[in-house]
Amino acid sequence: GNSVTQMEGPVTLSEEAFLTINCTYTATGYPSLFWYVQYPGEGLQLLLKATKADDKGSNKGFEATYRKETTSFHLEKGSVQVSDSAVYFCALSQDNQGGKLIFGQGTELSVKP
Amino acid sequence: DAGVIQSPRHEVTEMGQEVTLRCKPISGHNSLFWYRQTMMRGLELLIYFNNNVPIDDSGMPEDRFSAKMPNASFSTLKIQPSEPRDSAVYFCASSLGWGGRRDRGPGANVLTFGAGSRLTVL
């Protein structure tokens, strides 16, 4: 079946450090891939998405590239801020499954000043 | 648009009581999803609807859980009787949905989540 695996957290970084959160997936066909972010006490918000191989999603300085050959969608940011502290979820959806999202377990990021 | 609206935001109840969680999706969205979030199990899809019709309820834990969507602007998730292990944050999400065809438009498969309902069963 379809699944998503993320690197375990928590990840603690200093402000302006480089961020990578690894995400790999298992799926048949050509899923769409997503990163969602959850700030404390809030629901999930879409951060970025990619719908086909080699697409790069980007938003707010975050980027992720859909790599079909390695079944990966790693999240990166060149310089994190304290305000980026949150839980990040990688997810996939399949066209033939009604748009439902399958999530990874989430990675907590804490950025210190 | 006010986004996806969930109520109540917090609910504390005793074991055995009935719990009803409510969701108002974004106007014009035709797919609605109920997720449950716990520390142990992460985010689990419980059920989802397309055009008010339940499509997949395989994630509903057991018969104590039921969900309805009587119209395009309202859905409920009911737990009866509730148990301590049901304690979690329950999220509702909606999307422009799925027309049963490959849709790669900007809104395709993008879920908008509500703020969640935190349930504590004592």
# chains A, B, ... in the order shown; residues from 1 in each chain; ligands from 1
>>> closest_atom_pairs(of="region 5-120 of chain B", to="region 35-42 of chain A", cutoff="12 Å", atoms="only C-alpha atoms", output="JSON lines")
{"residue": "B:Gln6", "atom": "CA", "partner": "A:Glu42", "partner_atom": "CA", "distance": 11.7}
{"residue": "B:Arg9", "atom": "CA", "partner": "A:Gly41", "partner_atom": "CA", "distance": 10.2}
{"residue": "B:His10", "atom": "CA", "partner": "A:Gly41", "partner_atom": "CA", "distance": 11.2}
{"residue": "B:Gln37", "atom": "CA", "partner": "A:Gln38", "partner_atom": "CA", "distance": 11.7}
{"residue": "B:Leu43", "atom": "CA", "partner": "A:Gln38", "partner_atom": "CA", "distance": 11.8}
{"residue": "B:Val89", "atom": "CA", "partner": "A:Gly41", "partner_atom": "CA", "distance": 10.0}
{"residue": "B:Tyr90", "atom": "CA", "partner": "A:Glu42", "partner_atom": "CA", "distance": 11.5}
{"residue": "B:Phe91", "atom": "CA", "partner": "A:Glu42", "partner_atom": "CA", "distance": 10.0}
{"residue": "B:Val110", "atom": "CA", "partner": "A:Tyr36", "partner_atom": "CA", "distance": 10.1}
{"residue": "B:Leu111", "atom": "CA", "partner": "A:Tyr36", "partner_atom": "CA", "distance": 9.7}
{"residue": "B:Thr112", "atom": "CA", "partner": "A:Tyr36", "partner_atom": "CA", "distance": 10.2}
{"residue": "B:Phe113", "atom": "CA", "partner": "A:Glu42", "partner_atom": "CA", "distance": 9.2}
{"residue": "B:Gly114", "atom": "CA", "partner": "A:Glu42", "partner_atom": "CA", "distance": 8.1}
{"residue": "B:Ala115", "atom": "CA", "partner": "A:Glu42", "partner_atom": "CA", "distance": 5.0}
{"residue": "B:Gly116", "atom": "CA", "partner": "A:Glu42", "partner_atom": "CA", "distance": 7.2}
{"residue": "B:Ser117", "atom": "CA", "partner": "A:Glu42", "partner_atom": "CA", "distance": 10.1}
{"residue": "B:Arg118", "atom": "CA", "partner": "A:Gly41", "partner_atom": "CA", "distance": 9.6}
>>> residues_around(residues="Tyr25 (chain A)", least_positions_apart="2", cutoff="6 Å", atoms="only C-alpha atoms", output="PDB file with all heavy atoms, in the first residue's frame")
ATOM      1  N   SER A   3       2.541   4.628   1.376  1.00  0.00           N
ATOM      2  CA  SER A   3       3.033   5.065   2.684  1.00  0.00           C
ATOM      3  C   SER A   3       4.050   6.177   2.510  1.00  0.00           C
ATOM      4  O   SER A   3       4.620   6.369   1.436  1.00  0.00           O
ATOM      5  CB  SER A   3       3.659   3.906   3.457  1.00  0.00           C
ATOM      6  OG  SER A   3       4.816   3.452   2.810  1.00  0.00           O
ATOM      7  N   VAL A   4       4.267   6.908   3.599  1.00  0.00           N
ATOM      8  CA  VAL A   4       5.224   8.005   3.631  1.00  0.00           C
ATOM      9  C   VAL A   4       6.074   7.861   4.887  1.00  0.00           C
ATOM     10  O   VAL A   4       5.530   7.639   5.988  1.00  0.00           O
ATOM     11  CB  VAL A   4       4.508   9.367   3.653  1.00  0.00           C
ATOM     12  CG1 VAL A   4       5.512  10.506   3.784  1.00  0.00           C
ATOM     13  CG2 VAL A   4       3.660   9.547   2.396  1.00  0.00           C
ATOM     14  N   THR A  71      12.304   8.027  -5.083  1.00  0.00           N
ATOM     15  CA  THR A  71      11.019   8.138  -4.369  1.00  0.00           C
ATOM     16  C   THR A  71      11.151   9.036  -3.145  1.00  0.00           C
ATOM     17  O   THR A  71      10.804   8.658  -2.011  1.00  0.00           O
ATOM     18  CB  THR A  71      10.450   6.760  -3.978  1.00  0.00           C
ATOM     19  OG1 THR A  71      11.350   6.080  -3.088  1.00  0.00           O
ATOM     20  CG2 THR A  71      10.196   5.920  -5.198  1.00  0.00           C
TER      21      THR A  71
END
>>> residues_around(residues="region 48-53 of chain B", least_positions_apart="5", cutoff="10 Å", atoms="only C-alpha atoms", output="ChimeraX atom specification")
/A:98-100 /B:29-35,58-59,67-75,92-99
>>> write_last_selection(atoms="N, CA and C atoms", output="short mmCIF file (atom, residue, chain, number, x, y, z; two decimals), in the first residue's frame")
data_model
loop_
_atom_site.label_atom_id
_atom_site.label_comp_id
_atom_site.auth_asym_id
_atom_site.auth_seq_id
_atom_site.Cartn_x
_atom_site.Cartn_y
_atom_site.Cartn_z
N GLY A 98 -9.58 9.58 -4.54
CA GLY A 98 -10.48 10.61 -4.04
C GLY A 98 -9.81 11.80 -3.40
N GLY A 99 -8.53 11.95 -3.59
CA GLY A 99 -7.85 13.12 -3.05
C GLY A 99 -7.42 12.97 -1.61
N LYS A 100 -7.64 11.81 -1.01
CA LYS A 100 -7.25 11.67 0.39
C LYS A 100 -5.73 11.70 0.50
N HIS B 29 -16.31 23.64 -1.86
CA HIS B 29 -15.53 22.41 -1.79
C HIS B 29 -16.48 21.22 -1.78
N ASN B 30 -16.13 20.17 -2.52
CA ASN B 30 -17.05 19.04 -2.57
C ASN B 30 -16.50 17.77 -1.97
N SER B 31 -15.31 17.85 -1.38
CA SER B 31 -14.78 16.69 -0.65
C SER B 31 -14.50 17.10 0.79
N LEU B 32 -14.82 16.20 1.71
CA LEU B 32 -14.62 16.48 3.13
C LEU B 32 -13.99 15.27 3.79
N PHE B 33 -13.03 15.54 4.67
CA PHE B 33 -12.23 14.49 5.29
C PHE B 33 -12.24 14.68 6.81
N TRP B 34 -12.30 13.57 7.54
CA TRP B 34 -12.10 13.58 8.98
C TRP B 34 -10.81 12.82 9.31
N TYR B 35 -9.90 13.51 10.02
CA TYR B 35 -8.65 12.91 10.46
C TYR B 35 -8.59 12.93 11.99
N SER B 58 -12.99 3.14 5.82
CA SER B 58 -12.19 2.03 6.33
C SER B 58 -11.32 2.44 7.52
N GLY B 59 -11.13 3.73 7.71
CA GLY B 59 -10.33 4.19 8.84
C GLY B 59 -11.12 4.40 10.12
N ALA B 67 -20.15 8.94 11.07
CA ALA B 67 -20.04 10.27 10.48
C ALA B 67 -21.15 10.44 9.46
N LYS B 68 -21.62 11.68 9.39
CA LYS B 68 -22.67 12.01 8.44
C LYS B 68 -22.35 13.32 7.74
N MET B 69 -22.91 13.47 6.57
CA MET B 69 -22.81 14.74 5.85
C MET B 69 -24.16 14.98 5.18
N PRO B 70 -25.10 15.56 5.91
CA PRO B 70 -26.46 15.72 5.41
C PRO B 70 -26.57 16.72 4.26
N ASN B 71 -25.61 17.65 4.17
CA ASN B 71 -25.61 18.59 3.06
C ASN B 71 -24.19 19.07 2.82
N ALA B 72 -24.01 19.88 1.81
CA ALA B 72 -22.66 20.29 1.39
C ALA B 72 -21.97 21.21 2.38
N SER B 73 -22.70 21.73 3.37
CA SER B 73 -22.09 22.71 4.26
C SER B 73 -21.98 22.22 5.70
N PHE B 74 -22.16 20.92 5.93
CA PHE B 74 -22.15 20.48 7.32
C PHE B 74 -21.85 18.98 7.41
N SER B 75 -21.00 18.65 8.38
CA SER B 75 -20.71 17.24 8.65
C SER B 75 -20.55 17.05 10.15
N CYS B 92 -11.05 18.24 10.69
CA CYS B 92 -11.86 18.18 9.48
C CYS B 92 -11.10 18.95 8.41
N ALA B 93 -11.17 18.49 7.18
CA ALA B 93 -10.54 19.17 6.07
C ALA B 93 -11.46 19.09 4.86
N SER B 94 -11.35 20.08 3.99
CA SER B 94 -12.15 20.04 2.76
C SER B 94 -11.26 20.37 1.57
N SER B 95 -11.72 19.99 0.38
CA SER B 95 -10.96 20.30 -0.83
C SER B 95 -11.92 20.48 -2.00
N LEU B 96 -11.37 21.05 -3.07
CA LEU B 96 -12.16 21.20 -4.28
C LEU B 96 -12.55 19.86 -4.84
N GLY B 97 -11.74 18.85 -4.45
CA GLY B 97 -12.24 17.50 -4.64
C GLY B 97 -11.82 16.89 -5.94
N TRP B 98 -12.54 15.88 -6.23
CA TRP B 98 -12.13 14.87 -7.16
C TRP B 98 -13.30 14.57 -8.06
N GLY B 99 -13.10 14.81 -9.34
CA GLY B 99 -14.19 14.52 -10.24
C GLY B 99 -14.07 13.17 -10.86
#
>>> select_by_dssp(residues="chain A", states="strand (DSSP E)", output="PyMOL selection string")
chain A and resi 3-6+11-14+19-21+23-26+32-38+44-50+56-59+62-65+75-77+86-93+102-103+107-112
>>> residues_around(residues="Met39 (chain B)", least_positions_apart="2", cutoff="12 Å", atoms="only C-alpha atoms", output="list in words")
Gln105, Gly106, Thr107 and Glu108 of chain A; Arg36, Gln37, Arg41, Gly42, Leu43, Glu44, Arg85, Ser87, Ala88 and Val89 of chain B
>>> write_last_selection(atoms="all heavy atoms", output="compact mmCIF listing (two decimals), in the first residue's frame")
# COMPACT_ATOMS: atom_id res chain seq x y z
N GLN A 105 4.77 10.66 9.65
CA GLN A 105 4.54 10.79 11.08
C GLN A 105 4.82 12.19 11.61
O GLN A 105 4.52 12.49 12.76
CB GLN A 105 5.39 9.76 11.86
CG GLN A 105 6.89 10.00 11.80
CD GLN A 105 7.55 9.30 10.61
OE1 GLN A 105 6.99 9.24 9.51
NE2 GLN A 105 8.74 8.78 10.83
N GLY A 106 5.35 13.05 10.78
CA GLY A 106 5.63 14.42 11.21
C GLY A 106 7.03 14.56 11.80
O GLY A 106 7.54 13.64 12.44
N THR A 107 7.63 15.71 11.57
CA THR A 107 8.95 16.03 12.12
C THR A 107 8.87 17.37 12.81
O THR A 107 8.52 18.38 12.18
CB THR A 107 10.02 16.08 11.01
OG1 THR A 107 10.06 14.84 10.32
CG2 THR A 107 11.39 16.39 11.61
N GLU A 108 9.16 17.37 14.10
CA GLU A 108 9.11 18.61 14.86
C GLU A 108 10.41 19.38 14.67
O GLU A 108 11.50 18.83 14.84
CB GLU A 108 8.88 18.33 16.34
CG GLU A 108 8.77 19.59 17.19
CD GLU A 108 8.55 19.29 18.66
OE1 GLU A 108 8.46 18.10 19.03
OE2 GLU A 108 8.48 20.24 19.46
N ARG B 36 -7.83 12.01 12.54
CA ARG B 36 -7.58 11.98 13.98
C ARG B 36 -6.06 12.05 14.19
O ARG B 36 -5.31 11.35 13.50
CB ARG B 36 -8.14 10.71 14.60
CG ARG B 36 -7.87 10.56 16.08
CD ARG B 36 -8.61 9.38 16.67
NE ARG B 36 -8.14 8.09 16.20
CZ ARG B 36 -8.61 6.93 16.65
NH1 ARG B 36 -9.56 6.92 17.58
NH2 ARG B 36 -8.13 5.79 16.19
N GLN B 37 -5.63 12.85 15.16
CA GLN B 37 -4.20 13.00 15.43
C GLN B 37 -3.92 12.63 16.87
O GLN B 37 -4.48 13.21 17.80
CB GLN B 37 -3.73 14.43 15.15
CG GLN B 37 -2.23 14.62 15.30
CD GLN B 37 -1.78 16.03 14.99
OE1 GLN B 37 -2.46 17.01 15.30
NE2 GLN B 37 -0.64 16.16 14.34
N ARG B 41 -0.11 7.49 17.09
CA ARG B 41 -0.47 7.02 15.76
C ARG B 41 -0.38 8.08 14.67
O ARG B 41 -0.61 7.79 13.49
CB ARG B 41 -1.88 6.44 15.80
CG ARG B 41 -2.04 5.29 16.80
CD ARG B 41 -3.50 4.92 16.96
NE ARG B 41 -3.98 4.21 15.77
CZ ARG B 41 -4.01 2.90 15.65
NH1 ARG B 41 -3.56 2.13 16.63
NH2 ARG B 41 -4.46 2.33 14.54
N GLY B 42 -0.04 9.32 15.08
CA GLY B 42 0.08 10.38 14.09
C GLY B 42 -1.28 10.75 13.51
O GLY B 42 -2.30 10.70 14.21
N LEU B 43 -1.30 11.11 12.25
CA LEU B 43 -2.53 11.52 11.56
C LEU B 43 -3.15 10.33 10.85
O LEU B 43 -2.54 9.75 9.96
CB LEU B 43 -2.24 12.61 10.54
CG LEU B 43 -2.16 14.03 11.06
CD1 LEU B 43 -1.42 14.91 10.08
CD2 LEU B 43 -3.57 14.58 11.32
N GLU B 44 -4.37 10.02 11.22
CA GLU B 44 -5.08 8.89 10.60
C GLU B 44 -6.34 9.41 9.91
O GLU B 44 -7.11 10.15 10.51
CB GLU B 44 -5.53 7.89 11.66
CG GLU B 44 -4.46 7.34 12.56
CD GLU B 44 -5.09 6.52 13.67
OE1 GLU B 44 -5.52 7.11 14.68
OE2 GLU B 44 -5.18 5.28 13.53
N ARG B 85 -9.47 6.04 25.27
CA ARG B 85 -8.55 5.90 24.13
C ARG B 85 -8.99 6.71 22.91
O ARG B 85 -8.25 6.78 21.91
CB ARG B 85 -8.39 4.43 23.75
CG ARG B 85 -9.67 3.74 23.31
CD ARG B 85 -9.46 2.23 23.28
NE ARG B 85 -10.73 1.51 23.17
CZ ARG B 85 -11.03 0.73 22.15
NH1 ARG B 85 -10.17 0.57 21.16
NH2 ARG B 85 -12.19 0.09 22.12
N SER B 87 -9.39 9.84 23.13
CA SER B 87 -8.81 11.18 23.35
C SER B 87 -7.80 11.47 22.24
O SER B 87 -6.87 10.69 22.00
CB SER B 87 -8.13 11.24 24.72
OG SER B 87 -9.08 11.05 25.75
N ALA B 88 -7.99 12.60 21.57
CA ALA B 88 -7.17 12.96 20.41
C ALA B 88 -7.61 14.33 19.93
O ALA B 88 -8.55 14.92 20.46
CB ALA B 88 -7.37 11.93 19.28
N VAL B 89 -6.91 14.81 18.91
CA VAL B 89 -7.39 16.00 18.19
C VAL B 89 -8.00 15.50 16.88
O VAL B 89 -7.34 14.76 16.13
CB VAL B 89 -6.25 17.00 17.91
CG1 VAL B 89 -6.80 18.21 17.17
CG2 VAL B 89 -5.57 17.42 19.20
>>> interface_residues(of="chain A", to="chain B", cutoff="10 Å", atoms="only C-alpha atoms", output="JSON, numbers by chain")
{"A": [32, 33, 34, 36, 38, 41, 42, 43, 44, 45, 46, 48, 49, 50, 51, 52, 89, 92, 93, 94, 95, 96, 97, 98, 99, 100, 101, 102, 103, 104, 105, 106]}
>>> write_last_selection(atoms="C-alpha atoms", output="PDB file, in the first residue's frame")
ATOM      1  CA  SER A  32       1.115  14.065  -5.923  1.00  0.00           C
ATOM      2  CA  LEU A  33       3.417  15.042  -3.063  1.00  0.00           C
ATOM      3  CA  PHE A  34       2.917  17.662  -0.393  1.00  0.00           C
ATOM      4  CA  TYR A  36       2.116  20.585   5.292  1.00  0.00           C
ATOM      5  CA  GLN A  38       1.376  22.627  11.753  1.00  0.00           C
ATOM      6  CA  GLY A  41      -2.460  24.731  18.552  1.00  0.00           C
ATOM      7  CA  GLU A  42      -3.428  25.035  14.900  1.00  0.00           C
ATOM      8  CA  GLY A  43      -4.514  22.843  12.031  1.00  0.00           C
ATOM      9  CA  LEU A  44      -2.292  21.837   9.149  1.00  0.00           C
ATOM     10  CA  GLN A  45      -1.511  24.313   6.397  1.00  0.00           C
ATOM     11  CA  LEU A  46      -0.255  23.530   2.932  1.00  0.00           C
ATOM     12  CA  LEU A  48       4.140  23.383  -0.946  1.00  0.00           C
ATOM     13  CA  LYS A  49       3.284  20.682  -3.443  1.00  0.00           C
ATOM     14  CA  ALA A  50       4.556  18.927  -6.568  1.00  0.00           C
ATOM     15  CA  THR A  51       2.424  16.906  -8.923  1.00  0.00           C
ATOM     16  CA  LYS A  52       4.889  15.190 -11.235  1.00  0.00           C
ATOM     17  CA  PHE A  89       4.305  16.639   7.544  1.00  0.00           C
ATOM     18  CA  LEU A  92       1.001  11.946  -0.815  1.00  0.00           C
ATOM     19  CA  SER A  93      -2.250  11.533  -2.661  1.00  0.00           C
ATOM     20  CA  GLN A  94      -3.286   9.389  -5.579  1.00  0.00           C
ATOM     21  CA  ASP A  95      -5.581  10.491  -8.384  1.00  0.00           C
ATOM     22  CA  ASN A  96      -7.685   7.370  -8.082  1.00  0.00           C
ATOM     23  CA  GLN A  97      -8.210   7.629  -4.322  1.00  0.00           C
ATOM     24  CA  GLY A  98     -10.477  10.607  -4.045  1.00  0.00           C
ATOM     25  CA  GLY A  99      -7.847  13.116  -3.048  1.00  0.00           C
ATOM     26  CA  LYS A 100      -7.246  11.669   0.390  1.00  0.00           C
ATOM     27  CA  LEU A 101      -3.835  12.390   1.868  1.00  0.00           C
ATOM     28  CA  ILE A 102      -1.564   9.815   3.431  1.00  0.00           C
ATOM     29  CA  PHE A 103       0.736  11.500   5.930  1.00  0.00           C
ATOM     30  CA  GLY A 104       4.138  10.737   7.333  1.00  0.00           C
ATOM     31  CA  GLN A 105       4.544  10.795  11.081  1.00  0.00           C
ATOM     32  CA  GLY A 106       5.634  14.416  11.213  1.00  0.00           C
TER      33      GLY A 106
END
>>> residues_around(residues="Tyr66 (chain A)", least_positions_apart="2", cutoff="6 Å", atoms="only C-alpha atoms", output="ChimeraX atom specification")
/A:53-55,73
>>> closest_residue(among="B:Phe65, B:Ile79, B:Asp86, B:Leu119", to="Gln17 (chain B)", atoms="only C-alpha atoms")
B:Ile79
>>> atom_distance(atom1="CA of Phe62 (chain A)", atom2="CA of Pro25 (chain B)")
27.9 Å
